[in-house]
Structures are given as structure tokens and as C-alpha cells.
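Asker: Following this message is one structure expressed as C-alpha cells.
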Amino acid sequence: MRARALAIVLTVVVVPAVTSVFSAGPSSKPPADPAREAIVQAVAAGGDIPGQARSLVNLAWPAGKRDEVIAARARLELAHYGSHAIGALRVAMNTVPRSYTEEVMMTTLAAQREARVEMGREHVPILIDALWVGNHGAKVLAIGALAKDRNGVAVAPMIDSAIADPSLAPMVVEALGAMRFQQARFYLESVMMEGPPELRPVAASALAQTKGAALTPLKKALKSESREARLLAVRALLPVATEYELGALYEYMEKHGDDNPELTKAVKFSTISIEKAIAARDAKAAADSPKDF
């Protein structure tokens, strides 16, 4: 009985020790990372840096079915390539299935953030391409980026995008106001006069932000037969009015001063302020001019 009890005790003590030995053995390797292996193989197959970027593009947006984990890792890796990825990404924007173009746009913007300062505008052609061939999400991202970049080449594609997809119009109108290019004034004028009611004030404001010749549609609208159009125009014009708008403001007060009495008071105050500024400028010029004795 004593020998049997000792055997039981030894069994209890020894078994955990054996288990511990097995758990620490060479069979407990960390699990493989298929995504990492796929990235390493794609980079190796690519050869030079542009070739590596192309290999990663093919991994991120393959022609057939894709592994979502591997594709996401490839997009992340592409972003780290910075300006070296831009060429491959532009090809991708114009060749991958349209459903992938938003991802291409997101990767492009991420790569641009990694690019050297002197290469910071290389991505602009991809933004413009997205306006022509991208899906809705890609166009939204492109419009937002172009509004910050202020590139005049983008004005016509942005307007065409808004015409083709009216849901983009609010974003495009606001972006055109921020970009301040004169060639947008004809589209903005049409939106102010004939566009959706909720978008007309935004278009009027965009014209005012653009200034210069873009103020002409606002001054023209002060004479409109539509009271709504006149009020939109005068509200947008007042903050940016200068001596060159005095005549239009005087005429508005004379002919349509009863549109909104409170607004007319603001117009009158603005004209007085402009006149005072002109008088002060002329007085300074006279004081600074050479005197004949």
C-alpha cells in the first residue's frame, strides 16, 4: 500500500514537469504572418523602387478576388513609399475597378503626406483624374484636397463633376469660393440665380470671396427683378465692397431700398464708411505730395 501511494504521488509531481518541458520545446513557434510574407515577396519581385510600388499596387487592387488583409497591408506599405508611389498610384486610378478608386485616392493622400516637401504637388494629377474616373467617394476626397491646393487646372473638372452629380455641388461651390479663380464665376452665377435655393447663398458668398470680376454678377443681381436675388447679392457684396461698388450700392438703395429696411441701413453705413476711407486716402495723398513755394 505504501509503494502504491508513493507511485501516485510521483505521478502527480512528474506529469506537470513533463508538460512544462513540452510547452517550452521547439514546436511552439509564433504563428506565420501571411500578409507580411506577401508584402515581402511583392517587394522582392518588384526590383527597383518604382517596380516595388507597382507590385504593391497589384497586391492592393488585383484584377480578381483579393485577400482583404493583404490588400490593406499593401495600401499601408504604398503610403510609406511617399512620392515614389505616385506614378504607380496614378496608373491605378485609371485602371482599377471603379469601386476601388476611393481606396486609391486615400492611399494617394497618405503617400502625399509622406512625400518630401519639394515633391508635395506631384499628386495633383491623380486628384484631377479622380474627378473624371473616380467613384463618388474618390471625388469627394479629391475635391477636398484640391480646395486646399488651389490649382486652377481643377476648376473645370470640379464644375463638370458637380453638373454630372448634383450631390457634389455644395462641396464644389464651397471649394470654388476658397480657391478664388475667376473662371469659376460663370458657374457660380448660374447657381446663385437658378440653382437649388439652399445653395444660392453659398454661391453668392463664393463670388464675393473670389472678388475682382466675380463681383460683377453680384452687382448685376442688385438690379434683378427677383427680391430674393437682390437680397442675396447685397448681403454677399457688403463685406467686400470698395469704392468700385459704390455706384451699384447707391442705385440699389434708390430703387430697392424697401427690400429690407434693416439691410438698407447696413448698406448706407457701408457706403459712408467707404466714402470716409476715400476722403482719408485723398487727404493723405495731398499732404504727402510735393508743395510748390
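Just so we're on the same page: first chain in the C-alpha cells is A, next is B, and so on; residues restart at 1 for each chain, and ligands are numbered from 1 in the order they show up.
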I'd like the neighbourhood of range 66-71 of chain A as a VMD selection string, where a residue qualifies if any of its atoms comes within 8 Å (using only C-alpha atoms), though same-chain residues fewer than 4 positions away should be ignored.
Answerer: chain A and resid 34 to 36 38 to 39 59 to 62 75
Asker: Extract the full set of alpha helix (DSSP H) residues from range 70-278 of chain A according to DSSP on the backbone, and format it as a PyMOL selection string.
Answerer: chain A and resi 70-80+86-95+101-114+124-133+136-149+155-164+169-179+185-194+200-210+216-221+227-237+246-256+261-278
Asker: Report, in Å to a single decimal, how far apart CA of Pro170 in chain A and CA of Leu199 in chain A are.
Answerer: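 Atom-to-atom, CA of Leu199 in chain A and CA of Pro170 in chain A are spaced 6.5 Å apart.
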Asker: Between A:Val124, A:Ile86, A:Leu231, A:Ala63, which has the minimum distance to Tyr100 in chain A (counting only C-alpha atoms)?
Answerer: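 Using only C-alpha atoms, the shortest distance to Tyr100 in chain A belongs to A:Ala63.
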Asker: Considering only C-alpha atoms, return as a PDB file with C-alpha atoms, in the first residue's frame whatever protein or nucleic-acid residues lie within 12 Å of range 249-261 of chain A, sequence-local ones (same chain, fewer than 5 positions apart) excluded.
Answerer:
ATOM      1  CA  LEU A 218     -23.383  90.325 -57.710  1.00  0.00           C
ATOM      2  CA  LYS A 219     -23.696  93.927 -58.883  1.00  0.00           C
ATOM      3  CA  LYS A 220     -25.829  92.726 -61.776  1.00  0.00           C
ATOM      4  CA  ALA A 221     -28.072  90.790 -59.385  1.00  0.00           C
ATOM      5  CA  LEU A 222     -28.722  94.008 -57.414  1.00  0.00           C
ATOM      6  CA  LYS A 223     -30.894  95.036 -60.381  1.00  0.00           C
ATOM      7  CA  SER A 224     -32.698  91.710 -60.645  1.00  0.00           C
ATOM      8  CA  GLU A 225     -36.482  91.591 -60.753  1.00  0.00           C
ATOM      9  CA  SER A 226     -36.296  88.960 -58.005  1.00  0.00           C
ATOM     10  CA  ARG A 227     -36.244  90.401 -54.498  1.00  0.00           C
ATOM     11  CA  GLU A 228     -34.620  87.185 -53.255  1.00  0.00           C
ATOM     12  CA  ALA A 229     -31.774  87.536 -55.761  1.00  0.00           C
ATOM     13  CA  ARG A 230     -31.246  91.190 -54.829  1.00  0.00           C
ATOM     14  CA  LEU A 231     -31.051  90.373 -51.121  1.00  0.00           C
ATOM     15  CA  LEU A 232     -28.626  87.510 -51.735  1.00  0.00           C
ATOM     16  CA  ALA A 233     -26.393  89.764 -53.790  1.00  0.00           C
ATOM     17  CA  VAL A 234     -26.328  92.706 -51.415  1.00  0.00           C
ATOM     18  CA  ARG A 235     -25.628  90.516 -48.387  1.00  0.00           C
ATOM     19  CA  LEU A 237     -21.372  92.125 -51.603  1.00  0.00           C
ATOM     20  CA  LEU A 238     -21.368  94.267 -48.467  1.00  0.00           C
ATOM     21  CA  ALA A 241     -17.451  96.305 -51.220  1.00  0.00           C
ATOM     22  CA  THR A 242     -14.952  99.002 -52.162  1.00  0.00           C
ATOM     23  CA  GLU A 243     -15.189 102.350 -53.928  1.00  0.00           C
ATOM     24  CA  TYR A 244     -15.760 100.437 -57.176  1.00  0.00           C
ATOM     25  CA  ALA A 266     -26.289  98.438 -43.310  1.00  0.00           C
ATOM     26  CA  VAL A 267     -25.768  99.367 -46.966  1.00  0.00           C
ATOM     27  CA  LYS A 268     -25.923 103.060 -46.118  1.00  0.00           C
ATOM     28  CA  PHE A 269     -23.449 102.633 -43.272  1.00  0.00           C
ATOM     29  CA  SER A 270     -21.097 100.749 -45.609  1.00  0.00           C
ATOM     30  CA  THR A 271     -21.224 103.479 -48.263  1.00  0.00           C
ATOM     31  CA  ILE A 272     -20.489 106.149 -45.649  1.00  0.00           C
ATOM     32  CA  ILE A 274     -16.158 103.728 -47.883  1.00  0.00           C
ATOM     33  CA  GLU A 275     -16.554 107.446 -48.566  1.00  0.00           C
TER      34      GLU A 275
END
Asker: Measuring between only C-alpha atoms, which one of A:Leu131, A:Leu109, A:Ala145, A:Val43 shows the shortest distance to Ser83 in chain A?
Answerer: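 When distances to Ser83 in chain A are compared using only C-alpha atoms, the smallest one comes from A:Leu109.
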